[in-house]
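*Asks:* My structure is stored as target-v2.csv, with CSV, C-alpha atoms and all ligand atoms.
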```csv
chain,number,residue,atom,x,y,z
A,293,MET,CA,2.3,8.2,-105.0
A,294,ARG,CA,4.2,7.7,-108.2
A,295,PHE,CA,2.3,7.4,-111.5
A,296,LEU,CA,3.1,3.6,-111.9
A,297,ASP,CA,2.0,3.0,-108.3
A,298,ARG,CA,-1.2,4.9,-108.9
A,299,ALA,CA,-1.9,2.8,-112.1
A,300,ILE,CA,-1.2,-0.5,-110.3
A,301,VAL,CA,-3.4,0.5,-107.4
A,302,ALA,CA,-6.2,1.5,-109.8
A,303,SER,CA,-6.0,-1.9,-111.5
A,304,MET,CA,-6.4,-3.9,-108.2
A,305,PRO,CA,-10.2,-4.6,-108.8
A,306,LEU,CA,-9.2,-6.4,-112.0
A,307,VAL,CA,-6.9,-8.8,-110.1
A,308,PRO,CA,-8.6,-12.3,-109.6
A,309,ARG,CA,-10.1,-12.8,-106.2
A,310,PHE,CA,-7.9,-15.8,-105.3
A,311,LEU,CA,-4.8,-13.7,-105.7
A,312,ILE,CA,-6.2,-11.0,-103.5
A,313,GLY,CA,-7.1,-13.8,-101.1
A,314,ARG,CA,-3.5,-14.9,-100.9
A,315,VAL,CA,-2.5,-11.4,-99.9
A,316,ALA,CA,-5.5,-11.0,-97.6
A,317,ALA,CA,-4.1,-13.9,-95.5
A,318,ARG,CA,-1.6,-11.5,-94.1
A,319,TYR,CA,-4.1,-8.8,-93.1
A,320,VAL,CA,-7.2,-10.9,-92.2
A,321,ALA,CA,-7.4,-13.6,-89.4
A,322,GLY,CA,-9.4,-16.0,-91.5
A,323,GLU,CA,-13.1,-16.3,-92.3
A,324,THR,CA,-14.2,-17.8,-88.9
A,325,LEU,CA,-14.4,-16.6,-85.3
A,326,ASP,CA,-12.3,-19.6,-84.3
A,327,SER,CA,-9.4,-18.6,-86.6
A,328,ALA,CA,-9.6,-15.0,-85.3
A,329,LEU,CA,-9.4,-16.3,-81.7
A,330,ASP,CA,-6.3,-18.3,-82.6
A,331,THR,CA,-4.7,-15.1,-84.0
A,332,ILE,CA,-5.6,-13.2,-80.8
A,333,ARG,CA,-4.1,-15.9,-78.6
A,334,GLU,CA,-0.8,-15.6,-80.5
A,335,LEU,CA,-0.9,-11.8,-80.2
A,336,ASN,CA,-1.7,-12.0,-76.5
A,337,ALA,CA,1.2,-14.4,-76.0
A,338,ASP,CA,3.5,-11.7,-77.6
A,339,GLY,CA,2.2,-9.1,-75.1
A,340,ALA,CA,-0.2,-7.4,-77.5
A,341,ARG,CA,-3.9,-6.8,-76.9
A,342,ALA,CA,-6.4,-7.1,-79.8
A,343,THR,CA,-9.6,-5.5,-81.1
A,344,LEU,CA,-11.8,-7.8,-83.3
A,345,ASP,CA,-13.4,-6.4,-86.4
A,346,LEU,CA,-16.1,-8.5,-88.1
A,347,LEU,CA,-15.6,-7.5,-91.7
A,348,GLY,CA,-18.5,-5.9,-93.6
A,349,GLU,CA,-19.8,-2.4,-94.1
A,350,GLU,CA,-22.6,-0.3,-95.5
A,351,VAL,CA,-25.6,-2.5,-94.8
A,352,THR,CA,-28.8,-1.2,-96.5
A,353,ASP,CA,-31.3,-3.6,-94.9
A,354,ARG,CA,-32.5,-3.6,-91.3
A,355,ALA,CA,-32.5,-7.4,-90.9
A,356,LYS,CA,-28.8,-7.5,-91.9
A,357,ALA,CA,-27.9,-4.8,-89.5
A,358,GLU,CA,-29.7,-6.6,-86.7
A,359,SER,CA,-28.0,-9.9,-87.5
A,360,ALA,CA,-24.6,-8.2,-87.7
A,361,THR,CA,-25.3,-6.8,-84.2
A,362,ASP,CA,-26.2,-10.3,-83.0
A,363,GLU,CA,-23.0,-11.7,-84.5
A,364,TYR,CA,-21.0,-9.1,-82.7
A,365,ILE,CA,-22.7,-10.0,-79.4
A,366,ARG,CA,-21.7,-13.6,-80.0
A,367,VAL,CA,-18.1,-12.3,-80.6
A,368,LEU,CA,-18.2,-10.6,-77.2
A,369,GLU,CA,-19.4,-13.9,-75.6
A,370,ALA,CA,-16.6,-15.8,-77.3
A,371,ILE,CA,-14.0,-13.3,-76.1
A,372,ALA,CA,-15.2,-13.7,-72.6
A,373,SER,CA,-15.5,-17.5,-72.6
A,374,ASN,CA,-12.1,-18.0,-74.2
A,375,GLY,CA,-10.4,-15.6,-71.8
A,376,VAL,CA,-8.5,-13.6,-74.5
A,377,ASP,CA,-7.6,-10.0,-74.2
A,378,SER,CA,-9.6,-8.3,-76.9
A,379,ASN,CA,-12.3,-5.7,-77.4
A,380,VAL,CA,-14.3,-5.1,-80.6
A,381,SER,CA,-14.3,-2.4,-83.3
A,382,VAL,CA,-17.4,-1.8,-85.4
A,383,LYS,CA,-18.3,0.2,-88.5
A,384,PRO,CA,-21.5,2.1,-87.8
A,385,THR,CA,-22.7,1.6,-91.4
A,386,MET,CA,-22.6,-2.1,-90.8
A,387,LEU,CA,-25.1,-1.6,-88.0
A,388,GLY,CA,-27.4,0.6,-90.1
A,389,LEU,CA,-26.1,4.2,-90.0
A,390,LYS,CA,-27.0,4.7,-93.7
A,391,ILE,CA,-30.5,3.3,-93.0
A,392,ASP,CA,-31.5,5.4,-90.1
A,393,GLU,CA,-29.4,7.0,-87.4
A,394,ASP,CA,-31.8,6.2,-84.5
A,395,PHE,CA,-32.0,2.6,-85.6
A,396,CYS,CA,-28.2,2.4,-85.8
A,397,GLY,CA,-28.0,4.0,-82.3
A,398,GLU,CA,-30.3,1.3,-80.9
A,399,GLN,CA,-28.1,-1.5,-82.5
A,400,ILE,CA,-24.9,0.0,-81.1
A,401,GLU,CA,-26.5,0.4,-77.7
A,402,ARG,CA,-27.4,-3.3,-77.7
A,403,LEU,CA,-23.8,-4.0,-78.4
A,404,VAL,CA,-22.4,-1.6,-75.8
A,405,ALA,CA,-24.8,-2.9,-73.2
A,406,ALA,CA,-23.7,-6.5,-74.0
A,407,ALA,CA,-20.1,-5.5,-73.8
A,408,ALA,CA,-20.7,-3.8,-70.4
A,409,GLY,CA,-22.1,-7.1,-69.1
A,410,HIS,CA,-18.7,-8.7,-70.0
A,411,GLN,CA,-16.6,-5.7,-68.7
A,412,ASN,CA,-15.6,-5.2,-72.3
A,413,PHE,CA,-15.4,-2.2,-74.7
A,414,VAL,CA,-16.7,-1.2,-78.1
A,415,ARG,CA,-14.9,1.1,-80.5
A,416,LEU,CA,-16.9,2.9,-83.2
A,417,ASP,CA,-14.6,3.0,-86.3
A,418,MET,CA,-14.9,6.3,-88.3
A,419,GLU,CA,-15.9,6.0,-91.9
A,420,ASP,CA,-16.1,8.6,-94.7
A,421,ARG,CA,-17.1,12.2,-94.1
A,422,THR,CA,-20.8,11.5,-94.6
A,423,CYS,CA,-20.7,9.4,-91.4
A,424,THR,CA,-18.8,11.7,-89.1
A,425,ASP,CA,-21.6,13.7,-87.6
A,426,GLY,CA,-23.9,10.7,-87.2
A,427,THR,CA,-21.2,8.6,-85.6
A,428,LEU,CA,-20.2,11.4,-83.2
A,429,ARG,CA,-23.8,12.0,-82.2
A,430,ILE,CA,-24.3,8.3,-81.4
A,431,TYR,CA,-21.1,8.3,-79.5
A,432,HIS,CA,-22.1,11.4,-77.4
A,433,GLN,CA,-25.6,9.9,-76.6
A,434,LEU,CA,-24.1,6.6,-75.5
A,435,ARG,CA,-21.4,8.2,-73.4
A,436,GLN,CA,-24.1,9.7,-71.2
A,437,ARG,CA,-25.0,6.2,-70.1
A,438,TYR,CA,-22.0,4.0,-70.8
A,439,SER,CA,-18.3,4.4,-70.1
A,440,ASN,CA,-17.2,1.4,-72.3
A,441,VAL,CA,-17.5,3.0,-75.7
A,442,GLY,CA,-15.0,4.9,-77.7
A,443,VAL,CA,-14.8,6.6,-81.1
A,444,VAL,CA,-12.2,7.4,-83.8
A,445,LEU,CA,-11.0,10.8,-85.0
A,446,GLN,CA,-9.0,11.2,-88.3
A,447,ALA,CA,-6.1,13.6,-88.5
A,448,TYR,CA,-6.7,14.4,-92.1
A,449,MET,CA,-10.1,16.0,-91.3
A,450,ARG,CA,-9.8,19.7,-90.7
A,451,ARG,CA,-12.7,19.6,-88.2
A,452,THR,CA,-10.8,17.2,-85.9
A,453,LEU,CA,-9.2,19.8,-83.6
A,454,ASP,CA,-12.7,21.2,-83.0
A,455,ASP,CA,-14.2,17.7,-82.6
A,456,ILE,CA,-11.6,17.0,-79.9
A,457,ALA,CA,-12.9,19.8,-77.8
A,458,ALA,CA,-16.3,18.1,-77.9
A,459,VAL,CA,-15.4,14.5,-77.4
A,460,ALA,CA,-12.4,14.9,-75.1
A,461,GLY,CA,-12.2,14.9,-71.4
A,462,LYS,CA,-11.7,12.5,-68.5
A,463,GLY,CA,-13.1,9.1,-69.1
A,464,SER,CA,-13.5,9.6,-72.9
A,465,ASN,CA,-11.6,7.2,-75.2
A,466,VAL,CA,-10.5,8.2,-78.7
A,467,ARG,CA,-8.5,6.3,-81.4
A,468,LEU,CA,-6.5,8.8,-83.4
A,469,CYS,CA,-5.5,7.8,-87.0
A,470,LYS,CA,-4.6,9.5,-90.2
A,471,GLY,CA,-7.8,8.5,-92.0
A,472,ILE,CA,-8.2,6.1,-94.9
A,473,TYR,CA,-11.0,7.4,-97.1
A,474,VAL,CA,-10.5,9.7,-100.1
A,475,GLU,CA,-11.9,13.0,-99.0
A,476,PRO,CA,-12.0,16.4,-100.9
A,477,ARG,CA,-9.6,19.2,-100.0
A,478,SER,CA,-12.7,21.2,-98.9
A,479,VAL,CA,-12.9,19.1,-95.7
A,480,ALA,CA,-9.5,17.3,-95.4
A,481,TRP,CA,-5.8,18.2,-95.3
A,482,LYS,CA,-4.1,16.6,-98.3
A,483,GLY,CA,-0.4,16.9,-97.8
A,484,TYR,CA,1.5,13.9,-96.3
A,485,GLU,CA,3.5,16.2,-93.9
A,486,THR,CA,0.4,18.4,-93.2
A,487,ILE,CA,-1.5,15.3,-92.0
A,488,ARG,CA,1.4,14.3,-89.8
A,489,LEU,CA,1.5,17.8,-88.3
A,490,ASN,CA,-2.2,17.7,-87.5
A,491,PHE,CA,-1.9,14.2,-86.1
A,492,LEU,CA,0.7,15.4,-83.5
A,493,ALA,CA,-1.3,18.5,-82.8
A,494,ALA,CA,-4.5,16.4,-82.2
A,495,LEU,CA,-2.6,13.9,-80.1
A,496,GLU,CA,-1.2,16.6,-77.9
A,497,LYS,CA,-4.6,18.2,-77.5
A,498,LEU,CA,-6.2,14.8,-76.6
A,499,LEU,CA,-3.5,14.0,-74.1
A,500,ARG,CA,-3.6,17.4,-72.4
A,501,GLN,CA,-7.4,17.1,-72.0
A,502,GLY,CA,-7.0,13.8,-70.2
A,503,THR,CA,-8.5,11.6,-72.9
A,504,TYR,CA,-7.4,7.9,-73.2
A,505,VAL,CA,-5.8,7.7,-76.6
A,506,GLY,CA,-5.4,4.8,-79.0
A,507,ILE,CA,-2.5,6.1,-81.1
A,508,ALA,CA,-3.1,4.2,-84.4
A,509,THR,CA,-0.2,4.5,-86.8
A,510,HIS,CA,2.6,2.5,-88.5
A,511,ASP,CA,4.4,5.8,-89.5
A,512,GLU,CA,7.7,5.7,-87.6
A,513,TYR,CA,7.8,9.5,-87.6
A,514,LEU,CA,4.5,9.6,-85.8
A,515,ALA,CA,5.4,6.7,-83.4
A,516,CYS,CA,8.5,8.6,-82.5
A,517,GLY,CA,6.7,11.9,-82.1
A,518,ALA,CA,4.1,10.2,-80.0
A,519,VAL,CA,6.7,8.6,-77.7
A,520,ALA,CA,8.3,12.0,-77.3
A,521,LEU,CA,5.0,13.6,-76.4
A,522,LEU,CA,4.1,10.9,-73.9
A,523,ASP,CA,7.4,11.4,-72.3
A,524,LYS,CA,7.1,15.2,-72.3
A,525,LEU,CA,3.6,15.2,-70.8
A,526,GLU,CA,4.5,12.3,-68.4
A,527,VAL,CA,1.5,10.3,-69.5
A,528,PRO,CA,1.1,7.1,-67.5
A,529,ARG,CA,0.6,3.8,-69.4
A,530,GLU,CA,-3.0,3.6,-68.2
A,531,ARG,CA,-3.9,6.6,-70.4
A,532,TYR,CA,-2.8,5.4,-73.8
A,533,GLU,CA,-2.0,2.5,-76.1
A,534,PHE,CA,-0.5,2.2,-79.6
A,535,GLN,CA,-2.7,0.5,-82.2
A,536,MET,CA,-1.6,-1.3,-85.4
A,537,LEU,CA,-3.2,-3.3,-88.1
A,538,LEU,CA,-2.7,-7.1,-88.3
A,539,GLY,CA,0.0,-7.9,-90.9
A,540,VAL,CA,1.6,-4.4,-91.0
A,541,ASP,CA,5.1,-3.7,-89.7
A,542,GLY,CA,5.6,-6.4,-87.1
A,543,GLU,CA,9.0,-5.0,-86.4
A,544,LEU,CA,7.6,-1.6,-85.3
A,545,ARG,CA,5.1,-3.5,-83.2
A,546,ARG,CA,7.9,-5.3,-81.4
A,547,ILE,CA,9.9,-2.1,-80.9
A,548,LEU,CA,7.0,-0.4,-79.2
A,549,LEU,CA,6.2,-3.5,-77.1
A,550,GLU,CA,9.8,-3.8,-76.0
A,551,GLY,CA,9.8,-0.1,-75.2
A,552,GLY,CA,7.2,-1.0,-72.6
A,553,HIS,CA,4.3,0.7,-74.4
A,554,PRO,CA,0.8,-0.9,-74.3
A,555,LEU,CA,-0.2,-2.0,-77.9
A,556,ARG,CA,-3.4,-3.3,-79.5
A,557,VAL,CA,-3.6,-5.0,-82.8
A,558,TYR,CA,-6.7,-4.6,-85.0
A,559,VAL,CA,-7.8,-8.1,-86.1
A,560,PRO,CA,-10.3,-8.3,-88.9
A,561,TYR,CA,-12.0,-11.6,-89.7
A,562,GLY,CA,-15.0,-12.8,-91.7
A,563,ARG,CA,-16.2,-13.8,-95.1
A,564,GLU,CA,-16.3,-10.2,-96.4
A,565,TRP,CA,-12.5,-9.9,-96.6
A,566,TYR,CA,-12.3,-8.7,-100.2
A,567,ALA,CA,-13.1,-4.9,-99.8
A,568,TYR,CA,-11.0,-4.7,-96.7
A,569,SER,CA,-8.0,-6.3,-98.5
A,570,LEU,CA,-8.3,-4.0,-101.5
A,571,ARG,CA,-8.1,-1.0,-99.2
A,572,ARG,CA,-5.0,-2.5,-97.6
A,573,LEU,CA,-3.4,-3.0,-101.0
A,574,ARG,CA,-4.3,0.6,-102.0
A,575,GLU,CA,-2.3,1.7,-99.0
A,576,ASN,CA,0.7,-0.3,-99.9
A,577,PRO,CA,1.7,0.0,-103.5
A,578,GLU,CA,4.7,-2.3,-102.9
A,579,ILE,CA,2.5,-5.3,-102.1
A,580,ALA,CA,0.1,-4.2,-104.9
A,581,ARG,CA,3.1,-4.3,-107.3
A,582,HIS,CA,3.9,-7.9,-106.2
A,583,VAL,CA,0.3,-9.0,-106.7
A,584,THR,CA,0.2,-7.5,-110.2
A,585,MET,CA,3.6,-9.1,-111.2
A,586,ALA,CA,2.3,-12.5,-110.0
A,587,MET,CA,-0.8,-12.1,-112.1
A,588,ILE,CA,1.2,-11.0,-115.2
A,589,ARG,CA,3.6,-14.0,-114.7
A,590,ARG,CA,0.6,-16.4,-114.3
A,591,ARG,CA,-1.0,-15.1,-117.5
A,592,GLY,CA,2.4,-15.4,-119.3
A,593,LEU,CA,2.1,-11.7,-120.3
B,601,LIG,P1,1.4,5.6,-93.5
B,601,LIG,O1,0.2,5.4,-94.4
B,601,LIG,O2,2.3,6.7,-93.8
B,601,LIG,O3,2.1,4.2,-93.3
B,601,LIG,C1,3.4,4.1,-92.7
B,601,LIG,C2,4.0,2.8,-93.2
B,601,LIG,O4,3.2,1.7,-92.9
B,601,LIG,C3,4.2,2.8,-94.7
B,601,LIG,O5,5.5,2.3,-94.9
B,601,LIG,C4,3.1,1.9,-95.2
B,601,LIG,O6,3.5,1.2,-96.4
B,601,LIG,C5,2.9,1.0,-94.1
B,601,LIG,N1,1.4,0.7,-94.1
B,601,LIG,C6,0.5,1.5,-93.6
B,601,LIG,N2,-0.7,1.0,-93.8
B,601,LIG,C7,-0.5,-0.2,-94.4
B,601,LIG,C8,-1.3,-1.2,-94.8
B,601,LIG,N3,-2.6,-1.2,-94.7
B,601,LIG,N4,-0.8,-2.3,-95.4
B,601,LIG,C9,0.5,-2.4,-95.5
B,601,LIG,N5,1.4,-1.5,-95.2
B,601,LIG,C10,0.9,-0.4,-94.6
B,601,LIG,N6,-8.9,4.8,-90.8
B,601,LIG,C11,-10.1,5.4,-90.7
B,601,LIG,O7,-10.4,6.2,-91.6
B,601,LIG,N7,-11.0,5.0,-89.8
B,601,LIG,C12,-10.7,4.1,-88.8
B,601,LIG,O8,-11.6,3.9,-88.0
B,601,LIG,C13,-9.4,3.5,-88.8
B,601,LIG,N8,-9.1,2.6,-87.9
B,601,LIG,C14,-7.8,2.2,-87.8
B,601,LIG,C15,-7.4,1.4,-86.7
B,601,LIG,C16,-6.0,1.0,-86.6
B,601,LIG,C17,-5.6,0.2,-85.4
B,601,LIG,C18,-5.1,1.5,-87.5
B,601,LIG,C19,-3.6,1.2,-87.4
B,601,LIG,C20,-5.5,2.3,-88.6
B,601,LIG,C21,-6.8,2.6,-88.8
B,601,LIG,N9,-7.2,3.4,-89.8
B,601,LIG,C22,-8.5,3.9,-89.8
B,601,LIG,C23,-6.3,3.6,-91.0
B,601,LIG,C24,-5.5,4.9,-90.8
B,601,LIG,O9,-6.4,6.0,-91.0
B,601,LIG,C25,-4.5,4.9,-91.9
B,601,LIG,O10,-5.0,4.9,-93.2
B,601,LIG,C26,-3.4,3.8,-91.9
B,601,LIG,O11,-3.1,3.5,-90.5
B,601,LIG,C27,-2.1,4.3,-92.6
B,601,LIG,O12,-1.6,5.4,-91.9
B,601,LIG,P2,-0.2,5.3,-91.1
B,601,LIG,O13,-0.4,6.3,-90.0
B,601,LIG,O14,0.1,3.9,-90.7
B,601,LIG,O15,0.9,6.0,-92.0
```
Any chance you could give the structure as structure tokens?
Ligand code: FDA
*Replies:*
Amino acid sequence: MRFLDRAIVASMPLVPRFLIGRVAARYVAGETLDSALDTIRELNADGARATLDLLGEEVTDRAKAESATDEYIRVLEAIASNGVDSNVSVKPTMLGLKIDEDFCGEQIERLVAAAAGHQNFVRLDMEDRTCTDGTLRIYHQLRQRYSNVGVVLQAYMRRTLDDIAAVAGKGSNVRLCKGIYVEPRSVAWKGYETIRLNFLAALEKLLRQGTYVGIATHDEYLACGAVALLDKLEVPRERYEFQMLLGVDGELRRILLEGGHPLRVYVPYGREWYAYSLRRLRENPEIARHVTMAMIRRRGL
């Protein structure tokens, strides 16, 4: 990232909330479940599936983690009663991973059991490196009793190729993404091309082991590499899907859908949109630059 971009991105927390809110409208499907359901209906009409993410992370109090689990169970009920094509994605720290791993496992099990009752599916998002072991342990425990739960592996983590050997196999379900948290070089690959290399190596290993893969990227190089791998390994459409974030590169989304590939869009919603939107801006200095310019113009600087 260029110096100016880095400076702009670093200044994002100083930007007024309402301005971030305007940008958030592109990445977040509103504050309410009803608005999220409207967005999902539009995506479904375009041929895309969805995964709903109730915004919020790192809960430090048991009651809050329990009520987040209850809210997610209501989301599953609403998905079923509205007949939309969506599963759910959840951040383990929102369901108490940083409070107590067993407690978090119980909350996630409540959610996965409720999803099973609706023939639906729960994806455990992967957070920073302090969460990797706990999230994978919870995933492994649940996989012994449920088939409707999946996890995420991050291509920037050097451990990922080893983790694949442990999570992969028939019936398992992994989303592969680059990884969004800032990790030290001691645990993570840092080079842009290096991470791409590891993404494709990890994807090939997952596909060869028979794992269902959610190929989560907006990087055209990786989308192209993935399409080539799927073709080379003759992977049927029932064994993979592409995944993209709401508001990012609608053109690539259409290209993949028109190419006949299954595709799921990650749809975040809820009142805690601020931290999520800041992360999105950090990933896209171009939009961050527009936001900063709008703020400067408004202040007459
Ligand atoms: P890259 O960052 O190179 O982006 C390619 C192009 O897309 C660039 O032009 C870029 O500007 C644009 N772009 C990418 N992200 C953008 C954004 N947010 N806003 C605007 N433009 C953007 N990470 C994680 O650590 N744990 C997780 O559980 C998940 N879950 C997840 C689900 C889904 C469905 C997706 C698509 C991504 C994630 N991620 C994630 C985030 C992921 O790790 C990664 O940070 C982003 O996808 C960006 O990486 P790309 O592969 O898209 O490439």
*Asks:* Give as a PyMOL selection string the residues surrounding ligand LIG 601 (chain B) up to a distance of 9 Å, considering only C-alpha atoms and all ligand atoms.
*Replies:* chain A and resi 319+343+381-383+415-420+443-448+467-473+484+488+491+506-515+534-541+556-559+569+571-579
*Asks:* Excluding A:Gln433 and its own-chain neighbours fewer than 6 positions away, which residues fall within 12 Å of it when counting all atoms listed in the file? Please give them as a list in words.
*Replies:*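 After dropping sequence-adjacent residues, the list is Glu393, Asp394, Gly397, Glu398, Ile400, Glu401, Val404, Gly426, Thr427, Ser439, Val441, Gly442 and Val459 of chain A.
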*Asks:* Could you check how far atom CA of A:Ile487 sits from atom CA of A:Ala458, in Å to one decimal?
*Replies:*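 Those two atoms sit 20.6 Å apart.
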*Asks:* Please determine, counting all atoms listed in the file, which residue among A:Leu346, A:Leu434, A:Arg546, A:Ala493 has the shortest atom-to-atom distance to A:Thr324.
*Replies:*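 So, comparing all the options, the nearest one is A:Leu346.
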*Asks:* Have a look at atom CA of A:Ala360 and atom CA of A:Arg333 and let me know their distance in Å, one decimal.
*Replies:*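 Computing the Euclidean distance for atom CA of A:Ala360 and atom CA of A:Arg333 yields 23.7 Å.
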*Asks:* Nearest residue to A:Gly348 out of A:Gly409, A:Pro560, A:Pro476, A:Gly463, using only C-alpha atoms?
*Replies:*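 Nearest candidate to A:Gly348 out of A:Gly409, A:Pro560, A:Pro476, A:Gly463: A:Pro560.
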*Asks:* With only C-alpha atoms as the atoms that count, which of A:Ala457, A:Met449, A:Ala406, A:Val414 lies nearest to A:Val380?
*Replies:*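 Result for the nearest residue to A:Val380: A:Val414.
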*Asks:* Need to verify the contact set: A:Tyr561, 7 Å, only C-alpha atoms, exclusion of same-chain residues closer than 6 positions in sequence. Can you return it as a list in words?
*Replies:* Val320, Ala321, Gly322, Glu323, Thr324, Ala328, Asp345, Leu346 and Leu347 of chain A
*Asks:* Find the distance between atom CA of A:Ala567 and atom CA of A:Thr361 and write it in Å to one decimal.
*Replies:*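 Atom-to-atom, atom CA of A:Ala567 to atom CA of A:Thr361, that is 19.9 Å.
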*Asks:* Considering all atoms listed in the file, can you say which of A:Leu325, A:Cys423, A:Val474, A:Val376 comes closest to A:Arg341?
*Replies:*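 Comparing A:Leu325, A:Cys423, A:Val474, A:Val376 against A:Arg341, the winner is A:Val376.
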*Asks:* Just checking: using only C-alpha atoms, which residue out of A:Thr424, A:Ser327, A:Val466, A:Val505 ends up closest to A:Val479?
*Replies:*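 The closest residue to A:Val479 is A:Thr424.
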*Asks:* Do a neighbour search on A:Gly502 at 9 Å with all atoms listed in the file, toss out local chain neighbours closer than 3 positions, and write the hits as a list in words.
*Replies:* Ala460, Gly461, Lys462, Gly463, Ser464, Lys497, Leu498, Leu499, Val505 and Arg531 of chain A
*Asks:* Which residue, A:Leu495, A:Leu570, A:Val527, A:Val351, has the smallest gap to A:Pro308 when you use all atoms listed in the file?
*Replies:*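 Of A:Leu495, A:Leu570, A:Val527, A:Val351, the one nearest A:Pro308 is A:Leu570, counting all atoms listed in the file.
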*Asks:* List the neighbours of A:Gln399 out to 8 Å using all atoms listed in the file; skip same-chain residues closer than 2 positions along the sequence, and give me the result as a PDB file with C-alpha atoms, in the coordinates of the input.
*Replies:*
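As a result, result_16.pdb now contains:
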```pdb
ATOM      1  CA  ALA A 357     -27.900  -4.800 -89.500  1.00  0.00           C
ATOM      2  CA  GLU A 358     -29.700  -6.600 -86.700  1.00  0.00           C
ATOM      3  CA  THR A 361     -25.300  -6.800 -84.200  1.00  0.00           C
ATOM      4  CA  LEU A 387     -25.100  -1.600 -88.000  1.00  0.00           C
ATOM      5  CA  GLY A 388     -27.400   0.600 -90.100  1.00  0.00           C
ATOM      6  CA  PHE A 395     -32.000   2.600 -85.600  1.00  0.00           C
ATOM      7  CA  CYS A 396     -28.200   2.400 -85.800  1.00  0.00           C
ATOM      8  CA  GLY A 397     -28.000   4.000 -82.300  1.00  0.00           C
ATOM      9  CA  GLU A 401     -26.500   0.400 -77.700  1.00  0.00           C
ATOM     10  CA  ARG A 402     -27.400  -3.300 -77.700  1.00  0.00           C
ATOM     11  CA  LEU A 403     -23.800  -4.000 -78.400  1.00  0.00           C
TER      12      LEU A 403
END
```
